Amino acid sequence: MTESKPTPTMKWLAGAAAAIWLVAIGWQQASDLRVPLILQSHYIDRQMERCTGNVALRYECRSAVRIYTQRHAFGHWVGKLSLVFLPPLAIAFVYRRVARRIWDRAEAARKMGYAQRKQAQRLAQAVAG
């Protein structure tokens with residue numbers, strides 16, 4: 001049983017699947033740019049109005065609200081970008097692993113065939129000589 005190198009078809013299929021994913025999901029994520037409620041300015045303003053006490057307490061409260069909303073915004077956008085880019089990266093990783101395994105098996109089979117041919121040549125020389 002001999003195995004060959006990974007075919008260009010495999011490479012094109014993996015690339016096409018990744019490109020289709022990037023275009024389709026990227027377009028869907030780009031068209032859905034609604035801002036979550038927690039990041040909308042009127043919500044943030046209402047949260048900041050709830051800050052009471054002296055100046056230092058209000059300052060700490062407002063800082064906490066800003067930090068919380070910034071962290072939430074970061075998580076929101078990381079989630080969107082991950083949804084777009086991680087599956088194509090996974091496709092590329094799986095393709096490379098499968099292609100490497102096929103290539104290694106083909107190389108081992110080629111080397112084994114070379115060793116068997118050399119052994120047959122030595123045997124033929126020993127019989128002839």
# chains A, B, ... in the order shown; residues from 1 in each chain; ligands from 1

call {"tool": "residues_around", "arguments": {"residues": "Ile38 (chain A)", "least_positions_apart": "2", "cutoff": "10 Å", "atoms": "only C-alpha atoms", "output": "list in words"}}
result
Val35, Pro36, Gln40, Ser41, His42, Tyr43, Ile44, Gln47, Tyr68, Thr69, Gln70, His72 and Ala73 of chain A

call {"tool": "write_last_selection", "arguments": {"atoms": "N, CA and C atoms", "output": "tab-separated table (two decimals), in the first residue's frame"}}
result
chain	number	residue	atom	x	y	z
A	35	VAL	N	-24.77	47.46	19.50
A	35	VAL	CA	-24.00	47.56	20.73
A	35	VAL	C	-24.84	46.95	21.86
A	36	PRO	N	-24.25	46.06	22.65
A	36	PRO	CA	-25.01	45.50	23.77
A	36	PRO	C	-25.49	46.60	24.72
A	40	GLN	N	-24.17	50.81	25.98
A	40	GLN	CA	-24.84	51.99	25.45
A	40	GLN	C	-24.71	53.14	26.44
A	41	SER	N	-24.58	54.33	25.90
A	41	SER	CA	-24.26	55.49	26.74
A	41	SER	C	-25.35	55.79	27.78
A	42	HIS	N	-26.61	55.65	27.42
A	42	HIS	CA	-27.66	55.95	28.40
A	42	HIS	C	-27.62	54.97	29.57
A	43	TYR	N	-27.26	53.74	29.32
A	43	TYR	CA	-27.13	52.76	30.40
A	43	TYR	C	-25.96	53.12	31.31
A	44	ILE	N	-24.85	53.50	30.70
A	44	ILE	CA	-23.66	53.88	31.48
A	44	ILE	C	-23.96	55.13	32.29
A	47	GLN	N	-25.97	54.23	35.28
A	47	GLN	CA	-25.13	53.58	36.29
A	47	GLN	C	-24.29	54.62	37.05
A	68	TYR	N	-15.58	48.42	34.22
A	68	TYR	CA	-16.46	47.29	33.94
A	68	TYR	C	-16.96	47.32	32.50
A	69	THR	N	-17.39	48.49	32.03
A	69	THR	CA	-17.91	48.57	30.66
A	69	THR	C	-16.80	48.36	29.63
A	70	GLN	N	-15.59	48.85	29.92
A	70	GLN	CA	-14.48	48.64	28.99
A	70	GLN	C	-14.11	47.17	28.91
A	72	HIS	N	-16.14	44.68	29.47
A	72	HIS	CA	-17.23	44.02	28.76
A	72	HIS	C	-17.12	44.27	27.26
A	73	ALA	N	-16.77	45.49	26.87
A	73	ALA	CA	-16.61	45.81	25.45
A	73	ALA	C	-15.47	44.99	24.85

call {"tool": "residues_around", "arguments": {"residues": "Phe85 (chain A)", "least_positions_apart": "2", "cutoff": "10 Å", "atoms": "only C-alpha atoms", "output": "list in words"}}
result
Ala18, Trp21, Leu22, Ile25, Gly26, Lys80, Leu81, Ser82, Leu83, Pro87, Pro88, Leu89 and Ala90 of chain A

call {"tool": "select_by_dssp", "arguments": {"residues": "region 6-62 of chain A", "states": "alpha helix (DSSP H)", "output": "JSON, numbers by chain"}}
result
{"A": [8, 9, 10, 11, 12, 13, 14, 15, 16, 17, 18, 19, 20, 21, 22, 23, 24, 25, 26, 27, 28, 29, 30, 31, 41, 42, 43, 44, 45, 46, 47, 48, 49, 55, 56, 57, 58, 59, 60, 61, 62]}

call {"tool": "write_last_selection", "arguments": {"atoms": "N, CA and C atoms", "output": "compact mmCIF listing (two decimals), in the first residue's frame"}}
result
# COMPACT_ATOMS: atom_id res chain seq x y z
N PRO A 8 -3.19 18.65 -4.18
CA PRO A 8 -3.56 20.07 -4.22
C PRO A 8 -5.05 20.27 -3.97
N THR A 9 -5.84 19.25 -4.28
CA THR A 9 -7.28 19.35 -4.05
C THR A 9 -7.58 19.54 -2.56
N MET A 10 -6.85 18.79 -1.72
CA MET A 10 -7.04 18.94 -0.27
C MET A 10 -6.71 20.37 0.15
N LYS A 11 -5.63 20.89 -0.40
CA LYS A 11 -5.20 22.24 -0.04
C LYS A 11 -6.24 23.26 -0.48
N TRP A 12 -6.75 23.12 -1.69
CA TRP A 12 -7.75 24.05 -2.20
C TRP A 12 -9.05 23.94 -1.43
N LEU A 13 -9.45 22.72 -1.08
CA LEU A 13 -10.69 22.56 -0.31
C LEU A 13 -10.57 23.21 1.06
N ALA A 14 -9.44 23.00 1.73
CA ALA A 14 -9.25 23.62 3.04
C ALA A 14 -9.22 25.14 2.91
N GLY A 15 -8.53 25.65 1.90
CA GLY A 15 -8.48 27.09 1.69
C GLY A 15 -9.83 27.67 1.33
N ALA A 16 -10.58 26.95 0.49
CA ALA A 16 -11.91 27.43 0.10
C ALA A 16 -12.85 27.44 1.30
N ALA A 17 -12.79 26.39 2.12
CA ALA A 17 -13.65 26.35 3.31
C ALA A 17 -13.32 27.51 4.25
N ALA A 18 -12.04 27.77 4.44
CA ALA A 18 -11.64 28.88 5.30
C ALA A 18 -12.08 30.21 4.72
N ALA A 19 -11.91 30.39 3.42
CA ALA A 19 -12.29 31.66 2.78
C ALA A 19 -13.80 31.87 2.84
N ILE A 20 -14.56 30.81 2.58
CA ILE A 20 -16.02 30.92 2.64
C ILE A 20 -16.46 31.29 4.05
N TRP A 21 -15.84 30.65 5.04
CA TRP A 21 -16.17 30.96 6.45
C TRP A 21 -15.86 32.43 6.75
N LEU A 22 -14.66 32.87 6.36
CA LEU A 22 -14.27 34.25 6.64
C LEU A 22 -15.24 35.25 6.00
N VAL A 23 -15.62 35.00 4.76
CA VAL A 23 -16.50 35.93 4.06
C VAL A 23 -17.90 35.88 4.66
N ALA A 24 -18.45 34.68 4.81
CA ALA A 24 -19.84 34.56 5.28
C ALA A 24 -20.00 35.05 6.72
N ILE A 25 -19.22 34.52 7.62
CA ILE A 25 -19.38 34.89 9.03
C ILE A 25 -18.85 36.30 9.26
N GLY A 26 -17.79 36.68 8.56
CA GLY A 26 -17.31 38.06 8.69
C GLY A 26 -18.35 39.06 8.26
N TRP A 27 -19.02 38.77 7.16
CA TRP A 27 -20.09 39.66 6.69
C TRP A 27 -21.25 39.70 7.69
N GLN A 28 -21.61 38.55 8.21
CA GLN A 28 -22.70 38.49 9.18
C GLN A 28 -22.34 39.27 10.45
N GLN A 29 -21.12 39.10 10.94
CA GLN A 29 -20.71 39.81 12.15
C GLN A 29 -20.57 41.31 11.89
N ALA A 30 -20.10 41.68 10.72
CA ALA A 30 -19.95 43.10 10.40
C ALA A 30 -21.32 43.76 10.22
N SER A 31 -22.30 43.02 9.74
CA SER A 31 -23.63 43.61 9.55
C SER A 31 -24.41 43.69 10.86
N SER A 41 -24.58 54.33 25.90
CA SER A 41 -24.26 55.49 26.74
C SER A 41 -25.35 55.79 27.78
N HIS A 42 -26.61 55.65 27.42
CA HIS A 42 -27.66 55.95 28.40
C HIS A 42 -27.62 54.97 29.57
N TYR A 43 -27.26 53.74 29.32
CA TYR A 43 -27.13 52.76 30.40
C TYR A 43 -25.96 53.12 31.31
N ILE A 44 -24.85 53.50 30.70
CA ILE A 44 -23.66 53.88 31.48
C ILE A 44 -23.96 55.13 32.29
N ASP A 45 -24.67 56.10 31.68
CA ASP A 45 -25.03 57.32 32.41
C ASP A 45 -25.91 57.00 33.61
N ARG A 46 -26.88 56.10 33.43
CA ARG A 46 -27.74 55.72 34.56
C ARG A 46 -26.93 55.06 35.67
N GLN A 47 -25.97 54.23 35.28
CA GLN A 47 -25.13 53.58 36.29
C GLN A 47 -24.29 54.62 37.05
N MET A 48 -23.80 55.62 36.33
CA MET A 48 -22.98 56.64 36.98
C MET A 48 -23.81 57.55 37.87
N GLU A 49 -25.10 57.77 37.51
CA GLU A 49 -25.97 58.59 38.36
C GLU A 49 -26.23 57.93 39.70
N VAL A 55 -16.98 63.09 47.13
CA VAL A 55 -16.31 63.16 45.83
C VAL A 55 -15.46 61.91 45.60
N ALA A 56 -14.74 61.48 46.60
CA ALA A 56 -13.86 60.31 46.45
C ALA A 56 -14.67 59.05 46.15
N LEU A 57 -15.79 58.86 46.84
CA LEU A 57 -16.64 57.69 46.61
C LEU A 57 -17.25 57.72 45.21
N ARG A 58 -17.72 58.90 44.81
CA ARG A 58 -18.30 59.02 43.46
C ARG A 58 -17.24 58.76 42.39
N TYR A 59 -16.03 59.26 42.63
CA TYR A 59 -14.94 59.04 41.67
C TYR A 59 -14.62 57.55 41.56
N GLU A 60 -14.53 56.86 42.68
CA GLU A 60 -14.26 55.41 42.68
C GLU A 60 -15.39 54.64 42.00
N CYS A 61 -16.61 55.03 42.27
CA CYS A 61 -17.77 54.36 41.67
C CYS A 61 -17.77 54.55 40.15
N ARG A 62 -17.55 55.76 39.70
CA ARG A 62 -17.53 56.02 38.26
C ARG A 62 -16.37 55.31 37.58

call {"tool": "decode", "arguments": {"residues": "region 77-119 of chain A", "atoms": "N, CA and C atoms", "output": "PDB file, in the first residue's frame"}}
result
ATOM      1  N   TRP A  77     -15.972  42.262  21.710  1.00  0.00           N
ATOM      2  CA  TRP A  77     -15.291  42.308  20.420  1.00  0.00           C
ATOM      3  C   TRP A  77     -14.336  41.137  20.229  1.00  0.00           C
ATOM      4  N   VAL A  78     -13.725  40.667  21.286  1.00  0.00           N
ATOM      5  CA  VAL A  78     -12.879  39.467  21.173  1.00  0.00           C
ATOM      6  C   VAL A  78     -13.738  38.273  20.769  1.00  0.00           C
ATOM      7  N   GLY A  79     -14.930  38.179  21.330  1.00  0.00           N
ATOM      8  CA  GLY A  79     -15.840  37.101  20.958  1.00  0.00           C
ATOM      9  C   GLY A  79     -16.223  37.154  19.488  1.00  0.00           C
ATOM     10  N   LYS A  80     -16.525  38.350  18.997  1.00  0.00           N
ATOM     11  CA  LYS A  80     -16.873  38.496  17.574  1.00  0.00           C
ATOM     12  C   LYS A  80     -15.695  38.122  16.677  1.00  0.00           C
ATOM     13  N   LEU A  81     -14.514  38.613  17.006  1.00  0.00           N
ATOM     14  CA  LEU A  81     -13.340  38.310  16.186  1.00  0.00           C
ATOM     15  C   LEU A  81     -12.969  36.833  16.259  1.00  0.00           C
ATOM     16  N   SER A  82     -13.135  36.235  17.431  1.00  0.00           N
ATOM     17  CA  SER A  82     -12.839  34.809  17.571  1.00  0.00           C
ATOM     18  C   SER A  82     -13.778  33.971  16.714  1.00  0.00           C
ATOM     19  N   LEU A  83     -15.030  34.344  16.673  1.00  0.00           N
ATOM     20  CA  LEU A  83     -16.004  33.615  15.863  1.00  0.00           C
ATOM     21  C   LEU A  83     -15.643  33.673  14.385  1.00  0.00           C
ATOM     22  N   VAL A  84     -15.053  34.778  13.963  1.00  0.00           N
ATOM     23  CA  VAL A  84     -14.684  34.935  12.554  1.00  0.00           C
ATOM     24  C   VAL A  84     -13.373  34.210  12.237  1.00  0.00           C
ATOM     25  N   PHE A  85     -12.354  34.368  13.082  1.00  0.00           N
ATOM     26  CA  PHE A  85     -11.017  33.922  12.710  1.00  0.00           C
ATOM     27  C   PHE A  85     -10.581  32.573  13.280  1.00  0.00           C
ATOM     28  N   LEU A  86     -11.118  32.116  14.393  1.00  0.00           N
ATOM     29  CA  LEU A  86     -10.642  30.852  14.965  1.00  0.00           C
ATOM     30  C   LEU A  86     -11.000  29.619  14.136  1.00  0.00           C
ATOM     31  N   PRO A  87     -12.203  29.480  13.587  1.00  0.00           N
ATOM     32  CA  PRO A  87     -12.475  28.295  12.756  1.00  0.00           C
ATOM     33  C   PRO A  87     -11.566  28.167  11.537  1.00  0.00           C
ATOM     34  N   PRO A  88     -11.280  29.237  10.778  1.00  0.00           N
ATOM     35  CA  PRO A  88     -10.325  29.067   9.672  1.00  0.00           C
ATOM     36  C   PRO A  88      -8.926  28.685  10.156  1.00  0.00           C
ATOM     37  N   LEU A  89      -8.519  29.215  11.296  1.00  0.00           N
ATOM     38  CA  LEU A  89      -7.223  28.813  11.846  1.00  0.00           C
ATOM     39  C   LEU A  89      -7.236  27.334  12.239  1.00  0.00           C
ATOM     40  N   ALA A  90      -8.357  26.874  12.770  1.00  0.00           N
ATOM     41  CA  ALA A  90      -8.476  25.453  13.107  1.00  0.00           C
ATOM     42  C   ALA A  90      -8.432  24.593  11.847  1.00  0.00           C
ATOM     43  N   ILE A  91      -9.081  25.043  10.778  1.00  0.00           N
ATOM     44  CA  ILE A  91      -9.034  24.315   9.513  1.00  0.00           C
ATOM     45  C   ILE A  91      -7.596  24.225   9.016  1.00  0.00           C
ATOM     46  N   ALA A  92      -6.882  25.337   9.084  1.00  0.00           N
ATOM     47  CA  ALA A  92      -5.482  25.335   8.638  1.00  0.00           C
ATOM     48  C   ALA A  92      -4.637  24.398   9.500  1.00  0.00           C
ATOM     49  N   PHE A  93      -4.864  24.413  10.803  1.00  0.00           N
ATOM     50  CA  PHE A  93      -4.108  23.543  11.704  1.00  0.00           C
ATOM     51  C   PHE A  93      -4.390  22.079  11.407  1.00  0.00           C
ATOM     52  N   VAL A  94      -5.658  21.720  11.252  1.00  0.00           N
ATOM     53  CA  VAL A  94      -6.016  20.325  10.963  1.00  0.00           C
ATOM     54  C   VAL A  94      -5.460  19.910   9.607  1.00  0.00           C
ATOM     55  N   TYR A  95      -5.551  20.786   8.601  1.00  0.00           N
ATOM     56  CA  TYR A  95      -5.005  20.462   7.292  1.00  0.00           C
ATOM     57  C   TYR A  95      -3.509  20.186   7.386  1.00  0.00           C
ATOM     58  N   ARG A  96      -2.788  21.037   8.099  1.00  0.00           N
ATOM     59  CA  ARG A  96      -1.340  20.845   8.225  1.00  0.00           C
ATOM     60  C   ARG A  96      -1.020  19.531   8.928  1.00  0.00           C
ATOM     61  N   ARG A  97      -1.794  19.184   9.961  1.00  0.00           N
ATOM     62  CA  ARG A  97      -1.550  17.921  10.672  1.00  0.00           C
ATOM     63  C   ARG A  97      -1.813  16.721   9.762  1.00  0.00           C
ATOM     64  N   VAL A  98      -2.926  16.753   9.051  1.00  0.00           N
ATOM     65  CA  VAL A  98      -3.266  15.646   8.155  1.00  0.00           C
ATOM     66  C   VAL A  98      -2.264  15.567   7.014  1.00  0.00           C
ATOM     67  N   ALA A  99      -1.930  16.707   6.429  1.00  0.00           N
ATOM     68  CA  ALA A  99      -0.982  16.719   5.320  1.00  0.00           C
ATOM     69  C   ALA A  99       0.385  16.215   5.781  1.00  0.00           C
ATOM     70  N   ARG A 100       0.821  16.624   6.955  1.00  0.00           N
ATOM     71  CA  ARG A 100       2.109  16.176   7.474  1.00  0.00           C
ATOM     72  C   ARG A 100       2.106  14.661   7.698  1.00  0.00           C
ATOM     73  N   ARG A 101       1.010  14.141   8.225  1.00  0.00           N
ATOM     74  CA  ARG A 101       0.919  12.696   8.463  1.00  0.00           C
ATOM     75  C   ARG A 101       0.974  11.934   7.136  1.00  0.00           C
ATOM     76  N   ILE A 102       0.237  12.414   6.134  1.00  0.00           N
ATOM     77  CA  ILE A 102       0.248  11.756   4.820  1.00  0.00           C
ATOM     78  C   ILE A 102       1.637  11.848   4.207  1.00  0.00           C
ATOM     79  N   TRP A 103       2.256  13.018   4.310  1.00  0.00           N
ATOM     80  CA  TRP A 103       3.588  13.212   3.743  1.00  0.00           C
ATOM     81  C   TRP A 103       4.599  12.288   4.427  1.00  0.00           C
ATOM     82  N   ASP A 104       4.533  12.192   5.760  1.00  0.00           N
ATOM     83  CA  ASP A 104       5.470  11.334   6.487  1.00  0.00           C
ATOM     84  C   ASP A 104       5.298   9.870   6.101  1.00  0.00           C
ATOM     85  N   ARG A 105       4.057   9.426   5.953  1.00  0.00           N
ATOM     86  CA  ARG A 105       3.821   8.036   5.549  1.00  0.00           C
ATOM     87  C   ARG A 105       4.335   7.778   4.138  1.00  0.00           C
ATOM     88  N   ALA A 106       4.100   8.738   3.248  1.00  0.00           N
ATOM     89  CA  ALA A 106       4.579   8.581   1.875  1.00  0.00           C
ATOM     90  C   ALA A 106       6.104   8.549   1.845  1.00  0.00           C
ATOM     91  N   GLU A 107       6.736   9.382   2.643  1.00  0.00           N
ATOM     92  CA  GLU A 107       8.198   9.411   2.708  1.00  0.00           C
ATOM     93  C   GLU A 107       8.743   8.108   3.279  1.00  0.00           C
ATOM     94  N   ALA A 108       8.094   7.576   4.314  1.00  0.00           N
ATOM     95  CA  ALA A 108       8.526   6.301   4.892  1.00  0.00           C
ATOM     96  C   ALA A 108       8.362   5.171   3.883  1.00  0.00           C
ATOM     97  N   ALA A 109       7.265   5.173   3.143  1.00  0.00           N
ATOM     98  CA  ALA A 109       7.048   4.136   2.128  1.00  0.00           C
ATOM     99  C   ALA A 109       8.084   4.255   1.022  1.00  0.00           C
ATOM    100  N   ARG A 110       8.422   5.475   0.642  1.00  0.00           N
ATOM    101  CA  ARG A 110       9.434   5.679  -0.391  1.00  0.00           C
ATOM    102  C   ARG A 110      10.793   5.178   0.086  1.00  0.00           C
ATOM    103  N   LYS A 111      11.146   5.494   1.325  1.00  0.00           N
ATOM    104  CA  LYS A 111      12.430   5.041   1.867  1.00  0.00           C
ATOM    105  C   LYS A 111      12.460   3.523   1.993  1.00  0.00           C
ATOM    106  N   MET A 112      11.328   2.941   2.413  1.00  0.00           N
ATOM    107  CA  MET A 112      11.267   1.491   2.540  1.00  0.00           C
ATOM    108  C   MET A 112      11.427   0.845   1.162  1.00  0.00           C
ATOM    109  N   GLY A 113      10.809   1.403   0.155  1.00  0.00           N
ATOM    110  CA  GLY A 113      10.948   0.887  -1.206  1.00  0.00           C
ATOM    111  C   GLY A 113      12.381   0.988  -1.685  1.00  0.00           C
ATOM    112  N   TYR A 114      13.050   2.089  -1.350  1.00  0.00           N
ATOM    113  CA  TYR A 114      14.454   2.265  -1.734  1.00  0.00           C
ATOM    114  C   TYR A 114      15.324   1.216  -1.039  1.00  0.00           C
ATOM    115  N   ALA A 115      15.068   0.977   0.248  1.00  0.00           N
ATOM    116  CA  ALA A 115      15.852  -0.020   0.992  1.00  0.00           C
ATOM    117  C   ALA A 115      15.623  -1.418   0.427  1.00  0.00           C
ATOM    118  N   GLN A 116      14.388  -1.724   0.065  1.00  0.00           N
ATOM    119  CA  GLN A 116      14.103  -3.043  -0.499  1.00  0.00           C
ATOM    120  C   GLN A 116      14.772  -3.215  -1.861  1.00  0.00           C
ATOM    121  N   ARG A 117      14.779  -2.147  -2.676  1.00  0.00           N
ATOM    122  CA  ARG A 117      15.458  -2.224  -3.976  1.00  0.00           C
ATOM    123  C   ARG A 117      16.958  -2.431  -3.795  1.00  0.00           C
ATOM    124  N   LYS A 118      17.564  -1.719  -2.849  1.00  0.00           N
ATOM    125  CA  LYS A 118      18.995  -1.879  -2.587  1.00  0.00           C
ATOM    126  C   LYS A 118      19.305  -3.300  -2.115  1.00  0.00           C
ATOM    127  N   GLN A 119      18.442  -3.835  -1.252  1.00  0.00           N
ATOM    128  CA  GLN A 119      18.649  -5.204  -0.764  1.00  0.00           C
ATOM    129  C   GLN A 119      18.530  -6.202  -1.909  1.00  0.00           C
TER     130      GLN A 119
END
